[in-house]
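Visitor: What follows is start_36.pdb; its format and atoms are PDB, C-alpha atoms and all ligand atoms.
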```pdb
ATOM      1  CA  MET H  25     -12.354   7.917 -13.204
ATOM      2  CA  SER H  26     -10.499   6.774 -10.102
ATOM      3  CA  VAL H  27     -10.759   3.267  -8.685
ATOM      4  CA  TYR H  28     -11.814   2.363  -5.110
ATOM      5  CA  LEU H  29     -11.066  -1.237  -4.126
ATOM      6  CA  ARG H  30     -11.996  -2.867  -0.802
ATOM      7  CA  PRO H  31     -10.897  -6.510  -0.939
ATOM      8  CA  LYS H  32     -11.773  -8.998   1.791
ATOM      9  CA  ARG H  33      -8.751 -11.276   1.304
ATOM     10  CA  THR H  34      -5.108 -10.300   1.787
ATOM     11  CA  GLU H  35      -4.082 -12.284  -1.342
ATOM     12  CA  GLU H  36      -6.475 -10.221  -3.450
ATOM     13  CA  ALA H  37      -5.133  -6.991  -1.944
ATOM     14  CA  LEU H  38      -1.574  -8.026  -2.816
ATOM     15  CA  GLU H  39      -2.575  -8.998  -6.374
ATOM     16  CA  ARG H  40      -4.240  -5.612  -6.857
ATOM     17  CA  LEU H  41      -1.142  -3.817  -5.500
ATOM     18  CA  ALA H  42       1.070  -5.788  -7.893
ATOM     19  CA  ALA H  43      -1.137  -5.013 -10.876
ATOM     20  CA  ALA H  44      -1.347  -1.211 -10.612
ATOM     21  CA  PRO H  45      -0.168   1.682  -8.437
ATOM     22  CA  LEU H  46      -2.682   2.129  -5.612
ATOM     23  CA  THR H  47      -2.749   4.283  -2.485
ATOM     24  CA  VAL H  48      -3.318   2.155   0.608
ATOM     25  CA  LEU H  49      -6.059   3.461   2.893
ATOM     26  CA  ALA H  50      -6.548   2.185   6.463
ATOM     27  CA  GLY H  51      -8.302   4.445   8.997
ATOM     28  CA  GLY H  52      -7.807   7.488   6.764
ATOM     29  CA  THR H  53      -6.914   9.723   9.724
ATOM     30  CA  ASP H  54      -3.602  10.738   8.132
ATOM     31  CA  HIS H  55      -4.673  10.180   4.524
ATOM     32  CA  TYR H  56      -7.618  12.601   4.420
ATOM     33  CA  PRO H  57      -6.152  15.508   6.454
ATOM     34  CA  ALA H  58      -3.199  15.479   4.013
ATOM     35  CA  ARG H  59      -5.632  16.073   1.130
ATOM     36  CA  VAL H  60      -7.741  18.940   2.443
ATOM     37  CA  ALA H  61      -8.608  21.306  -0.440
ATOM     38  CA  LYS H  62      -6.959  18.959  -2.950
ATOM     39  CA  PRO H  63      -8.758  16.799  -5.520
ATOM     40  CA  LEU H  64      -9.168  13.132  -4.454
ATOM     41  CA  GLY H  65      -8.075  11.562  -7.733
ATOM     42  CA  GLU H  66      -5.958   8.625  -6.573
ATOM     43  CA  ASP H  67      -6.805   4.990  -7.046
ATOM     44  CA  ILE H  68      -7.426   3.584  -3.572
ATOM     45  CA  LEU H  69      -6.878   0.189  -1.948
ATOM     46  CA  ASP H  70      -9.002   0.290   1.203
ATOM     47  CA  ILE H  71      -7.725  -2.417   3.575
ATOM     48  CA  THR H  72     -10.369  -2.050   6.270
ATOM     49  CA  ALA H  73     -12.155  -5.270   5.205
ATOM     50  CA  LEU H  74      -9.019  -7.410   5.615
ATOM     51  CA  ASP H  75     -10.247  -9.017   8.826
ATOM     52  CA  ALA H  76      -7.393 -11.545   8.812
ATOM     53  CA  LEU H  77      -5.047  -8.621   9.561
ATOM     54  CA  ARG H  78      -7.060  -7.333  12.527
ATOM     55  CA  GLY H  79      -6.176  -8.054  16.146
ATOM     56  CA  ILE H  80      -3.266  -8.966  18.387
ATOM     57  CA  ARG H  81      -2.119 -12.568  18.504
ATOM     58  CA  ARG H  82       0.289 -14.373  20.816
ATOM     59  CA  THR H  83       2.873 -16.397  18.853
ATOM     60  CA  PRO H  84       5.629 -18.738  20.048
ATOM     61  CA  GLU H  85       8.140 -15.888  19.536
ATOM     62  CA  GLY H  86       6.078 -13.037  21.007
ATOM     63  CA  TRP H  87       3.161 -10.969  19.699
ATOM     64  CA  ARG H  88       1.794 -10.097  16.285
ATOM     65  CA  ILE H  89      -0.258  -6.926  15.819
ATOM     66  CA  GLY H  90      -2.156  -7.130  12.530
ATOM     67  CA  ALA H  91      -2.072  -4.142  10.194
ATOM     68  CA  THR H  92      -5.765  -3.285  10.488
ATOM     69  CA  THR H  93      -5.667  -3.262  14.310
ATOM     70  CA  ARG H  94      -6.963   0.074  15.558
ATOM     71  CA  TRP H  95      -5.654   2.076  18.510
ATOM     72  CA  THR H  96      -8.801   1.244  20.507
ATOM     73  CA  GLN H  97      -8.120  -2.477  20.159
ATOM     74  CA  ILE H  98      -4.614  -1.931  21.515
ATOM     75  CA  ILE H  99      -6.028  -0.020  24.490
ATOM     76  CA  GLU H 100      -8.574  -2.772  25.178
ATOM     77  CA  ALA H 101      -6.268  -5.771  24.660
ATOM     78  CA  ARG H 102      -5.106  -7.834  27.625
ATOM     79  CA  LEU H 103      -1.337  -7.474  27.387
ATOM     80  CA  PRO H 104       1.569  -7.735  29.863
ATOM     81  CA  PRO H 105       3.269  -4.650  31.440
ATOM     82  CA  LEU H 106       5.779  -4.746  28.564
ATOM     83  CA  PHE H 107       3.022  -3.086  26.502
ATOM     84  CA  ASP H 108       2.054  -0.350  28.976
ATOM     85  CA  ALA H 109       4.004   2.264  26.978
ATOM     86  CA  LEU H 110       2.226   1.333  23.739
ATOM     87  CA  LYS H 111      -1.153   1.456  25.506
ATOM     88  CA  GLN H 112      -0.312   4.828  27.077
ATOM     89  CA  ALA H 113       0.674   6.137  23.630
ATOM     90  CA  ALA H 114      -2.580   4.744  22.166
ATOM     91  CA  ARG H 115      -4.679   6.585  24.776
ATOM     92  CA  GLU H 116      -3.024   9.868  23.737
ATOM     93  CA  VAL H 117      -3.433   9.522  19.968
ATOM     94  CA  GLY H 118      -5.996  12.131  18.975
ATOM     95  CA  GLY H 119      -9.309  11.524  20.681
ATOM     96  CA  VAL H 120     -11.599   8.500  20.901
ATOM     97  CA  GLN H 121     -12.890   8.924  17.325
ATOM     98  CA  ILE H 122      -9.320   8.867  15.967
ATOM     99  CA  GLN H 123      -8.458   5.852  18.155
ATOM    100  CA  ASN H 124     -11.563   4.062  16.830
ATOM    101  CA  SER H 125     -10.507   4.334  13.185
ATOM    102  CA  GLY H 126      -6.743   4.984  13.110
ATOM    103  CA  THR H 127      -4.323   2.057  13.037
ATOM    104  CA  LEU H 128      -0.876   1.560  14.508
ATOM    105  CA  ALA H 129       0.354   0.360  11.092
ATOM    106  CA  GLY H 130      -0.937   3.554   9.473
ATOM    107  CA  ASN H 131       0.937   5.581  12.090
ATOM    108  CA  LEU H 132       4.181   3.815  11.060
ATOM    109  CA  CYS H 133       3.592   3.978   7.302
ATOM    110  CA  ASN H 134       2.812   7.703   7.494
ATOM    111  CA  ALA H 135       6.273   8.162   9.064
ATOM    112  CA  SER H 136       5.650  11.479  10.787
ATOM    113  CA  PRO H 137       8.494  12.575  13.087
ATOM    114  CA  ALA H 138       5.764  13.156  15.705
ATOM    115  CA  ALA H 139       4.079   9.735  15.349
ATOM    116  CA  ASP H 140       3.393   8.560  18.892
ATOM    117  CA  GLY H 141       3.531   4.864  18.013
ATOM    118  CA  VAL H 142       7.123   4.977  16.817
ATOM    119  CA  PRO H 143       9.045   5.554  20.100
ATOM    120  CA  ALA H 144       6.839   2.993  21.876
ATOM    121  CA  LEU H 145       7.605   0.395  19.208
ATOM    122  CA  LEU H 146      11.322   1.264  19.015
ATOM    123  CA  ALA H 147      11.515   0.671  22.771
ATOM    124  CA  LEU H 148       9.813  -2.692  22.154
ATOM    125  CA  ASP H 149      12.454  -3.469  19.504
ATOM    126  CA  ALA H 150       9.607  -4.107  17.060
ATOM    127  CA  ALA H 151       9.861  -5.310  13.486
ATOM    128  CA  VAL H 152       7.406  -4.956  10.613
ATOM    129  CA  GLU H 153       6.234  -7.619   8.198
ATOM    130  CA  LEU H 154       5.886  -6.518   4.582
ATOM    131  CA  ALA H 155       4.050  -8.729   2.106
ATOM    132  CA  SER H 156       3.717  -8.730  -1.676
ATOM    133  CA  ILE H 157       2.957 -11.397  -4.280
ATOM    134  CA  ARG H 158       6.755 -11.928  -4.365
ATOM    135  CA  GLY H 159       6.759 -13.068  -0.726
ATOM    136  CA  THR H 160       7.124 -11.717   2.785
ATOM    137  CA  ARG H 161      10.029  -9.891   4.374
ATOM    138  CA  ARG H 162      10.680  -8.662   7.879
ATOM    139  CA  LEU H 163      12.457  -5.392   8.724
ATOM    140  CA  ALA H 164      13.486  -3.935  12.076
ATOM    141  CA  LEU H 165      11.400  -0.804  12.637
ATOM    142  CA  GLU H 166      14.547   1.354  12.636
ATOM    143  CA  ASN H 167      15.269   0.133   9.103
ATOM    144  CA  PHE H 168      11.681   0.657   7.960
ATOM    145  CA  ILE H 169      11.235   4.373   8.697
ATOM    146  CA  LEU H 170      13.881   6.165   6.635
ATOM    147  CA  GLY H 171      12.909   9.820   7.128
ATOM    148  CA  PRO H 172       9.917  12.127   7.423
ATOM    149  CA  ARG H 173       7.120  10.524   5.326
ATOM    150  CA  ARG H 174       9.626   8.039   3.896
ATOM    151  CA  THR H 175       9.670   4.294   4.506
ATOM    152  CA  ALA H 176      11.313   1.229   2.999
ATOM    153  CA  ARG H 177       7.912  -0.077   1.817
ATOM    154  CA  ARG H 178       7.916  -0.912  -1.890
ATOM    155  CA  ALA H 179       4.937   0.189  -3.983
ATOM    156  CA  ASP H 180       3.579  -3.367  -4.281
ATOM    157  CA  GLU H 181       3.953  -4.154  -0.562
ATOM    158  CA  LEU H 182       1.460  -4.019   2.254
ATOM    159  CA  LEU H 183       2.587  -3.737   5.842
ATOM    160  CA  THR H 184       0.772  -6.793   7.174
ATOM    161  CA  ALA H 185       1.887  -6.946  10.821
ATOM    162  CA  ILE H 186       4.004  -5.476  13.577
ATOM    163  CA  LEU H 187       6.050  -8.084  15.410
ATOM    164  CA  ILE H 188       7.247  -7.870  18.999
ATOM    165  CA  ALA H 189       9.575 -10.493  20.415
ATOM    166  CA  LYS H 190       9.089 -11.854  23.918
ATOM    167  CA  PRO H 191      11.747 -10.309  26.219
ATOM    168  CA  ARG H 192      14.146 -12.628  28.025
ATOM    169  CA  LEU H 193      13.207 -11.286  31.476
ATOM    170  CA  ALA H 194      10.275  -9.639  33.238
ATOM    171  CA  ALA H 195       9.788  -6.242  31.633
ATOM    172  CA  ARG H 196       7.856  -3.040  32.200
ATOM    173  CA  SER H 197       7.446   0.081  30.094
ATOM    174  CA  ARG H 198       6.258   3.670  30.153
ATOM    175  CA  PHE H 199       5.388   6.433  27.655
ATOM    176  CA  LEU H 200       5.284  10.195  28.291
ATOM    177  CA  LYS H 201       4.266  12.898  25.850
ATOM    178  CA  LEU H 202       4.504  16.667  25.955
ATOM    179  CA  GLY H 203       2.012  18.652  23.910
ATOM    180  CA  ALA H 204       0.749  22.198  24.014
ATOM    181  CA  ARG H 205      -2.455  21.027  25.734
ATOM    182  CA  ARG H 206      -3.723  17.876  27.391
ATOM    183  CA  TYR H 207      -5.701  16.210  24.555
ATOM    184  CA  LEU H 208      -5.845  16.147  20.750
ATOM    185  CA  VAL H 209      -2.345  17.427  20.324
ATOM    186  CA  ILE H 210       0.698  16.680  18.213
ATOM    187  CA  SER H 211       3.705  15.850  20.373
ATOM    188  CA  ILE H 212       6.403  18.448  21.011
ATOM    189  CA  ALA H 213       8.476  15.616  22.452
ATOM    190  CA  MET H 214       7.678  12.119  23.647
ATOM    191  CA  VAL H 215       9.606   9.272  25.188
ATOM    192  CA  ALA H 216       9.068   5.560  25.608
ATOM    193  CA  ALA H 217      11.202   3.242  27.703
ATOM    194  CA  VAL H 218      11.264  -0.488  28.384
ATOM    195  CA  ILE H 219      13.344  -2.056  31.129
ATOM    196  CA  GLU H 220      13.986  -5.727  31.733
ATOM    197  CA  ILE H 221      14.512  -6.607  35.366
ATOM    198  CA  GLU H 222      16.593  -9.198  37.187
ATOM    199  CA  ALA H 223      17.200  -9.279  40.946
ATOM    200  CA  GLU H 224      15.739  -5.763  41.393
ATOM    201  CA  ARG H 225      18.220  -4.307  38.903
ATOM    202  CA  VAL H 226      17.987  -3.172  35.293
ATOM    203  CA  ALA H 227      19.218  -6.025  33.134
ATOM    204  CA  ALA H 228      18.438  -4.337  29.806
ATOM    205  CA  ALA H 229      16.938  -1.011  28.772
ATOM    206  CA  ARG H 230      15.589   0.496  25.589
ATOM    207  CA  VAL H 231      14.757   4.204  25.478
ATOM    208  CA  ALA H 232      13.426   6.097  22.446
ATOM    209  CA  VAL H 233      12.581   9.775  21.946
ATOM    210  CA  GLY H 234      10.238  11.114  19.256
ATOM    211  CA  ALA H 235       9.539  14.532  17.689
ATOM    212  CA  CYS H 236      13.138  15.609  18.395
ATOM    213  CA  SER H 237      14.734  14.314  15.163
ATOM    214  CA  PRO H 238      13.552  13.490  11.621
ATOM    215  CA  VAL H 239      12.903   9.918  12.828
ATOM    216  CA  ALA H 240      12.433   8.918  16.482
ATOM    217  CA  GLN H 241      15.748   7.775  17.960
ATOM    218  CA  ARG H 242      16.905   5.190  20.485
ATOM    219  CA  LEU H 243      19.482   6.435  23.023
ATOM    220  CA  PRO H 244      22.084   3.609  23.095
ATOM    221  CA  ALA H 245      24.570   5.337  25.442
ATOM    222  CA  LEU H 246      21.833   5.868  28.035
ATOM    223  CA  GLU H 247      20.589   2.304  27.578
ATOM    224  CA  ALA H 248      24.112   1.026  28.334
ATOM    225  CA  ALA H 249      24.424   3.330  31.367
ATOM    226  CA  LEU H 250      21.217   1.934  32.835
ATOM    227  CA  VAL H 251      22.341  -1.683  32.841
ATOM    228  CA  GLY H 252      23.040  -2.820  36.398
ATOM    229  CA  ALA H 253      21.306   0.174  38.000
ATOM    230  CA  PRO H 254      19.202  -0.662  41.062
ATOM    231  CA  LEU H 255      15.474  -0.219  40.581
ATOM    232  CA  ASP H 256      14.404   2.895  42.442
ATOM    233  CA  GLU H 257      12.779   6.213  41.726
ATOM    234  CA  SER H 258      16.123   7.894  41.029
ATOM    235  CA  LEU H 259      16.791   5.780  37.921
ATOM    236  CA  GLY H 260      16.561   8.967  35.834
ATOM    237  CA  ALA H 261      19.658  10.342  37.594
ATOM    238  CA  ARG H 262      21.707   8.089  35.292
ATOM    239  CA  LEU H 263      20.822  10.398  32.390
ATOM    240  CA  ARG H 264      23.645  12.649  31.154
ATOM    241  CA  ALA H 265      23.304  15.433  28.569
ATOM    242  CA  GLU H 266      25.621  13.522  26.193
ATOM    243  CA  HIS H 267      23.172  10.593  26.142
ATOM    244  CA  LEU H 268      20.854  12.811  24.067
ATOM    245  CA  ALA H 269      23.434  13.156  21.255
ATOM    246  CA  PRO H 270      21.289  11.206  18.709
ATOM    247  CA  LEU H 271      18.602  13.929  18.927
ATOM    248  CA  ALA H 272      18.516  16.776  16.404
ATOM    249  CA  PRO H 273      15.473  18.875  17.329
ATOM    250  CA  ILE H 274      14.258  21.710  15.120
ATOM    251  CA  ASP H 275      12.451  24.996  15.678
ATOM    252  CA  ASP H 276       8.844  24.848  14.501
ATOM    253  CA  PRO H 277       5.542  26.462  15.524
ATOM    254  CA  ARG H 278       5.142  23.935  18.367
ATOM    255  CA  GLY H 279       8.486  24.681  20.056
ATOM    256  CA  THR H 280      12.098  25.733  19.610
ATOM    257  CA  ALA H 281      14.933  23.242  19.297
ATOM    258  CA  ALA H 282      16.301  24.305  22.694
ATOM    259  CA  TYR H 283      12.890  23.856  24.335
ATOM    260  CA  ARG H 284      12.486  20.433  22.742
ATOM    261  CA  ARG H 285      15.916  19.287  23.932
ATOM    262  CA  GLU H 286      15.175  20.404  27.478
ATOM    263  CA  ALA H 287      11.722  18.815  27.354
ATOM    264  CA  ALA H 288      13.212  15.538  26.101
ATOM    265  CA  GLN H 289      15.751  15.525  28.937
ATOM    266  CA  ILE H 290      13.048  16.082  31.556
ATOM    267  CA  LEU H 291      10.688  13.518  30.007
ATOM    268  CA  VAL H 292      13.391  10.829  29.786
ATOM    269  CA  ALA H 293      14.438  11.330  33.409
ATOM    270  CA  ARG H 294      10.817  11.386  34.604
ATOM    271  CA  CYS H 295       9.934   8.303  32.593
ATOM    272  CA  LEU H 296      12.894   6.371  34.044
ATOM    273  CA  ASN H 297      12.062   7.501  37.590
ATOM    274  CA  MET H 298       8.521   6.215  37.088
ATOM    275  CA  LEU H 299       9.806   2.903  35.772
ATOM    276  CA  GLY H 300      12.166   2.548  38.736
ATOM    277  CA  SER H 301       9.509   3.392  41.288
ATOM    278  CA  PRO H 302       7.840   0.433  43.008
ATOM    279  CA  ALA H 303       4.450   2.162  42.525
TER     280      ALA H 303
HETATM  281  C1  LIG T 401      -7.510  14.958  14.787
HETATM  282  C2  LIG T 401      -6.305  14.052  14.650
HETATM  283  C3  LIG T 401      -5.507  13.854  15.755
HETATM  284  C4  LIG T 401      -4.377  13.023  15.642
HETATM  285  N1  LIG T 401      -3.587  12.849  16.756
HETATM  286  C5  LIG T 401      -2.487  12.080  16.665
HETATM  287  C6  LIG T 401      -1.655  11.900  17.807
HETATM  288  O1  LIG T 401      -1.916  12.402  18.894
HETATM  289  N2  LIG T 401      -0.542  11.139  17.663
HETATM  290  C7  LIG T 401      -0.225  10.535  16.475
HETATM  291  O2  LIG T 401       0.800   9.844  16.389
HETATM  292  N3  LIG T 401      -1.005  10.674  15.376
HETATM  293  C8  LIG T 401      -2.127  11.426  15.447
HETATM  294  N4  LIG T 401      -2.926  11.590  14.341
HETATM  295  C9  LIG T 401      -2.539  10.956  13.082
HETATM  296  C10 LIG T 401      -3.225   9.611  12.780
HETATM  297  O3  LIG T 401      -4.442   9.481  13.469
HETATM  298  C11 LIG T 401      -2.352   8.393  13.155
HETATM  299  O4  LIG T 401      -1.073   8.492  12.569
HETATM  300  C12 LIG T 401      -3.018   7.074  12.765
HETATM  301  O5  LIG T 401      -2.411   6.029  13.466
HETATM  302  C13 LIG T 401      -2.958   6.798  11.253
HETATM  303  O6  LIG T 401      -3.565   5.540  11.000
HETATM  304  P1  LIG T 401      -4.653   5.341   9.847
HETATM  305  O7  LIG T 401      -5.068   3.930   9.896
HETATM  306  O8  LIG T 401      -5.735   6.346   9.957
HETATM  307  O9  LIG T 401      -3.752   5.626   8.562
HETATM  308  P2  LIG T 401      -4.195   6.146   7.101
HETATM  309  O10 LIG T 401      -4.499   7.599   7.158
HETATM  310  O11 LIG T 401      -5.221   5.259   6.517
HETATM  311  O12 LIG T 401      -2.811   5.907   6.340
HETATM  312  C14 LIG T 401      -1.647   6.625   6.675
HETATM  313  C15 LIG T 401      -0.530   6.276   5.673
HETATM  314  O13 LIG T 401      -0.105   4.940   5.828
HETATM  315  C16 LIG T 401      -0.330   4.172   4.645
HETATM  316  N5  LIG T 401      -0.785   2.869   5.131
HETATM  317  C17 LIG T 401      -1.697   2.643   6.106
HETATM  318  N6  LIG T 401      -1.757   1.338   6.409
HETATM  319  C18 LIG T 401      -0.875   0.719   5.604
HETATM  320  C19 LIG T 401      -0.467  -0.646   5.463
HETATM  321  N7  LIG T 401      -0.970  -1.635   6.213
HETATM  322  N8  LIG T 401       0.482  -0.952   4.532
HETATM  323  C20 LIG T 401       1.021   0.048   3.768
HETATM  324  N9  LIG T 401       0.689   1.342   3.874
HETATM  325  C21 LIG T 401      -0.242   1.682   4.788
HETATM  326  C22 LIG T 401      -1.333   4.958   3.826
HETATM  327  O14 LIG T 401      -1.147   4.762   2.444
HETATM  328  C23 LIG T 401      -0.974   6.404   4.224
HETATM  329  O15 LIG T 401       0.144   6.829   3.477
HETATM  330  C24 LIG T 401      -4.072  12.402  14.405
HETATM  331  C25 LIG T 401      -4.899  12.605  13.285
HETATM  332  C26 LIG T 401      -6.020  13.433  13.413
HETATM  333  C27 LIG T 401      -6.898  13.629  12.207
END
```
Rewrite the coordinates I just gave you, this time as structure tokens.

Guide:
Amino acid sequence: MSVYLRPKRTEEALERLAAAPLTVLAGGTDHYPARVAKPLGEDILDITALDALRGIRRTPEGWRIGATTRWTQIIEARLPPLFDALKQAAREVGGVQIQNSGTLAGNLCNASPAADGVPALLALDAAVELASIRGTRRLALENFILGPRRTARRADELLTAILIAKPRLAARSRFLKLGARRYLVISIAMVAAVIEIEAERVAAARVAVGACSPVAQRLPALEAALVGAPLDESLGARLRAEHLAPLAPIDDPRGTAAYRREAAQILVARCLNMLGSPA
């Protein structure tokens, strides 16, 4: 008979994970669809009662988003413009029911190439905190997601928080997603960008594209080309085709590789124009 555990304390959850192989369950919105028409025989560690891991906290270094924080809480949180891209991504994840139960941490741990939270967090230069009874370690998000459905999480670890450092300067961000219809859709391509601003110019930029490579990718050559650019609605004109070199889109039922590449180019330029625009 399979086991279903729902601890209330993080320490107990970590002890259980250390003692036996368990499948972590948060909102279940990736877990259950992956098991349609399959027997549910796994031993489960349900983390939804770990209230200490729920919510977004300000820290001296920046912000800490606990692992059981749901998309709806991200949408409703009072956060600076730095987080607009993450909030915009949250509003486009599934529908309200999915946002009410799905978590940002689950989105990362599931490691889908089309996970909407990943580009937004790459543009925020986020890190993840992984805890086990052996201790806690911190990994940059780009070192955590290793490939489709593959992460650096060890079997006895729980992702306990997502960490976002305070930027040096005033920052704003934006997220754009292309899907086959307006709502409840898996991304064909999506982009998130953060710019830091000094004297009406871009002082630093981070741009990430998702669903166009096995893991969402930052565009470092574009980020470098944006530094020093004046803030206006033609910021996207800095984009060159070669800046998209890290992307490796594929053909699948949602779109061809060529369509995805073109969509990514348009979305990146549009996103930057929006960020540059005073409105
Ligand atoms: C109808 C529908 C629409 C959707 N639309 C979108 C969409 O538009 N965009 C999008 O990106 N996604 C979408 N999703 C996918 C899903 O809702 C999200 O990825 C969601 O954020 C997953 O979070 P969860 O808490 O439900 O994860 P779960 O399903 O509970 O878990 C997902 C995976 O992460 C692991 N896990 C979860 N939390 C932890 C943790 N703290 N530590 C270690 N491992 C953990 C689990 O073991 C599992 O492998 C959709 C899903 C459905 C059913």

Visitor: What separation in Å, quoted to one decimal, exists between CA of Ala73 (chain H) and atom C19 of ligand LIG 401 (chain T)?

Guide: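 If I compute the distance from CA of Ala73 (chain H) to atom C19 of ligand LIG 401 (chain T), I get 12.6 Å.
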
Visitor: What is the CA of Ala248 (chain H)-CA of Leu110 (chain H) distance in Å, reported with one decimal?

Guide: 22.4 Å

Visitor: Any chance you could work out the residue set of the PyMOL selection byres (((not hetatm)) within 7 of (chain T and resi 401)) here, as a PyMOL selection string?

Guide: chain H and resi 47-57+91-92+116-119+122+125-134+138-141+181-184+208-211

Visitor: May I have the residues from that selection written out with C-alpha atoms, as a compact mmCIF listing (two decimals), keeping the file's coordinate frame?

Guide:
```txt
# COMPACT_ATOMS: atom_id res chain seq x y z
CA THR H 47 -2.75 4.28 -2.48
CA VAL H 48 -3.32 2.15 0.61
CA LEU H 49 -6.06 3.46 2.89
CA ALA H 50 -6.55 2.18 6.46
CA GLY H 51 -8.30 4.44 9.00
CA GLY H 52 -7.81 7.49 6.76
CA THR H 53 -6.91 9.72 9.72
CA ASP H 54 -3.60 10.74 8.13
CA HIS H 55 -4.67 10.18 4.52
CA TYR H 56 -7.62 12.60 4.42
CA PRO H 57 -6.15 15.51 6.45
CA ALA H 91 -2.07 -4.14 10.19
CA THR H 92 -5.76 -3.28 10.49
CA GLU H 116 -3.02 9.87 23.74
CA VAL H 117 -3.43 9.52 19.97
CA GLY H 118 -6.00 12.13 18.98
CA GLY H 119 -9.31 11.52 20.68
CA ILE H 122 -9.32 8.87 15.97
CA SER H 125 -10.51 4.33 13.18
CA GLY H 126 -6.74 4.98 13.11
CA THR H 127 -4.32 2.06 13.04
CA LEU H 128 -0.88 1.56 14.51
CA ALA H 129 0.35 0.36 11.09
CA GLY H 130 -0.94 3.55 9.47
CA ASN H 131 0.94 5.58 12.09
CA LEU H 132 4.18 3.82 11.06
CA CYS H 133 3.59 3.98 7.30
CA ASN H 134 2.81 7.70 7.49
CA ALA H 138 5.76 13.16 15.70
CA ALA H 139 4.08 9.74 15.35
CA ASP H 140 3.39 8.56 18.89
CA GLY H 141 3.53 4.86 18.01
CA GLU H 181 3.95 -4.15 -0.56
CA LEU H 182 1.46 -4.02 2.25
CA LEU H 183 2.59 -3.74 5.84
CA THR H 184 0.77 -6.79 7.17
CA LEU H 208 -5.84 16.15 20.75
CA VAL H 209 -2.35 17.43 20.32
CA ILE H 210 0.70 16.68 18.21
CA SER H 211 3.70 15.85 20.37
```

Visitor: Work out how far apart CA of Pro105 (chain H) and CA of Val218 (chain H) are and give it in Å to one decimal.

Guide: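 These two atoms are separated by 9.5 Å.
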
Visitor: May I ask which of the residues H:Pro270, H:Leu299, H:Arg173, H:Leu193 is the closest one to Ala58 (chain H), counting all atoms listed in the file?

Guide: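 So, comparing all the options, the nearest one is H:Arg173.
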
Visitor: Convert the output of the PyMOL selection byres (((chain H and resi 142) around 12) and not hetatm) on the shown file into explicit residues, formatted as a VMD selection string.

Guide: chain H and resid 109 to 110 113 to 114 117 128 to 141 143 to 152 164 to 166 168 to 169 186 199 211 214 to 217 231 to 235 238 to 242

Visitor: Identify all residues satisfying the PyMOL selection byres (((chain H and resi 254-263) around 12) and not hetatm) in the given file; provide them as JSON, numbers by chain.

Guide: {"H": [196, 217, 219, 220, 221, 222, 223, 224, 225, 226, 227, 228, 229, 231, 243, 244, 245, 246, 247, 248, 249, 250, 251, 252, 253, 264, 265, 266, 267, 268, 269, 288, 289, 290, 291, 292, 293, 294, 295, 296, 297, 298, 299, 300, 301, 302, 303]}

Visitor: Please rebuild region 276-284 of chain H with N, CA, C and O atoms and give the result as a PDB file, keeping the file's coordinate frame.

Guide:
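Result went into out-v4.pdb, see below:
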```pdb
ATOM      1  N   ASP H 276      10.053  24.795  15.328  1.00  0.00           N
ATOM      2  CA  ASP H 276       8.844  24.848  14.501  1.00  0.00           C
ATOM      3  C   ASP H 276       7.759  25.525  15.329  1.00  0.00           C
ATOM      4  O   ASP H 276       8.016  25.916  16.474  1.00  0.00           O
ATOM      5  N   PRO H 277       6.553  25.699  14.771  1.00  0.00           N
ATOM      6  CA  PRO H 277       5.542  26.462  15.524  1.00  0.00           C
ATOM      7  C   PRO H 277       5.199  25.844  16.885  1.00  0.00           C
ATOM      8  O   PRO H 277       4.670  26.526  17.764  1.00  0.00           O
ATOM      9  N   ARG H 278       5.500  24.559  17.083  1.00  0.00           N
ATOM     10  CA  ARG H 278       5.142  23.935  18.367  1.00  0.00           C
ATOM     11  C   ARG H 278       6.214  24.154  19.443  1.00  0.00           C
ATOM     12  O   ARG H 278       5.938  23.997  20.622  1.00  0.00           O
ATOM     13  N   GLY H 279       7.448  24.475  19.045  1.00  0.00           N
ATOM     14  CA  GLY H 279       8.486  24.681  20.056  1.00  0.00           C
ATOM     15  C   GLY H 279       9.845  24.907  19.400  1.00  0.00           C
ATOM     16  O   GLY H 279      10.063  24.502  18.254  1.00  0.00           O
ATOM     17  N   THR H 280      10.748  25.525  20.147  1.00  0.00           N
ATOM     18  CA  THR H 280      12.098  25.733  19.610  1.00  0.00           C
ATOM     19  C   THR H 280      12.915  24.458  19.835  1.00  0.00           C
ATOM     20  O   THR H 280      12.558  23.599  20.650  1.00  0.00           O
ATOM     21  N   ALA H 281      14.038  24.398  19.138  1.00  0.00           N
ATOM     22  CA  ALA H 281      14.933  23.242  19.297  1.00  0.00           C
ATOM     23  C   ALA H 281      15.415  23.146  20.742  1.00  0.00           C
ATOM     24  O   ALA H 281      15.457  22.064  21.336  1.00  0.00           O
ATOM     25  N   ALA H 282      15.769  24.310  21.319  1.00  0.00           N
ATOM     26  CA  ALA H 282      16.301  24.305  22.694  1.00  0.00           C
ATOM     27  C   ALA H 282      15.217  23.827  23.678  1.00  0.00           C
ATOM     28  O   ALA H 282      15.494  23.033  24.590  1.00  0.00           O
ATOM     29  N   TYR H 283      13.996  24.274  23.460  1.00  0.00           N
ATOM     30  CA  TYR H 283      12.890  23.856  24.335  1.00  0.00           C
ATOM     31  C   TYR H 283      12.667  22.356  24.212  1.00  0.00           C
ATOM     32  O   TYR H 283      12.490  21.642  25.203  1.00  0.00           O
ATOM     33  N   ARG H 284      12.702  21.871  22.968  1.00  0.00           N
ATOM     34  CA  ARG H 284      12.486  20.433  22.742  1.00  0.00           C
ATOM     35  C   ARG H 284      13.564  19.603  23.432  1.00  0.00           C
ATOM     36  O   ARG H 284      13.285  18.579  24.037  1.00  0.00           O
TER      37      ARG H 284
END
```
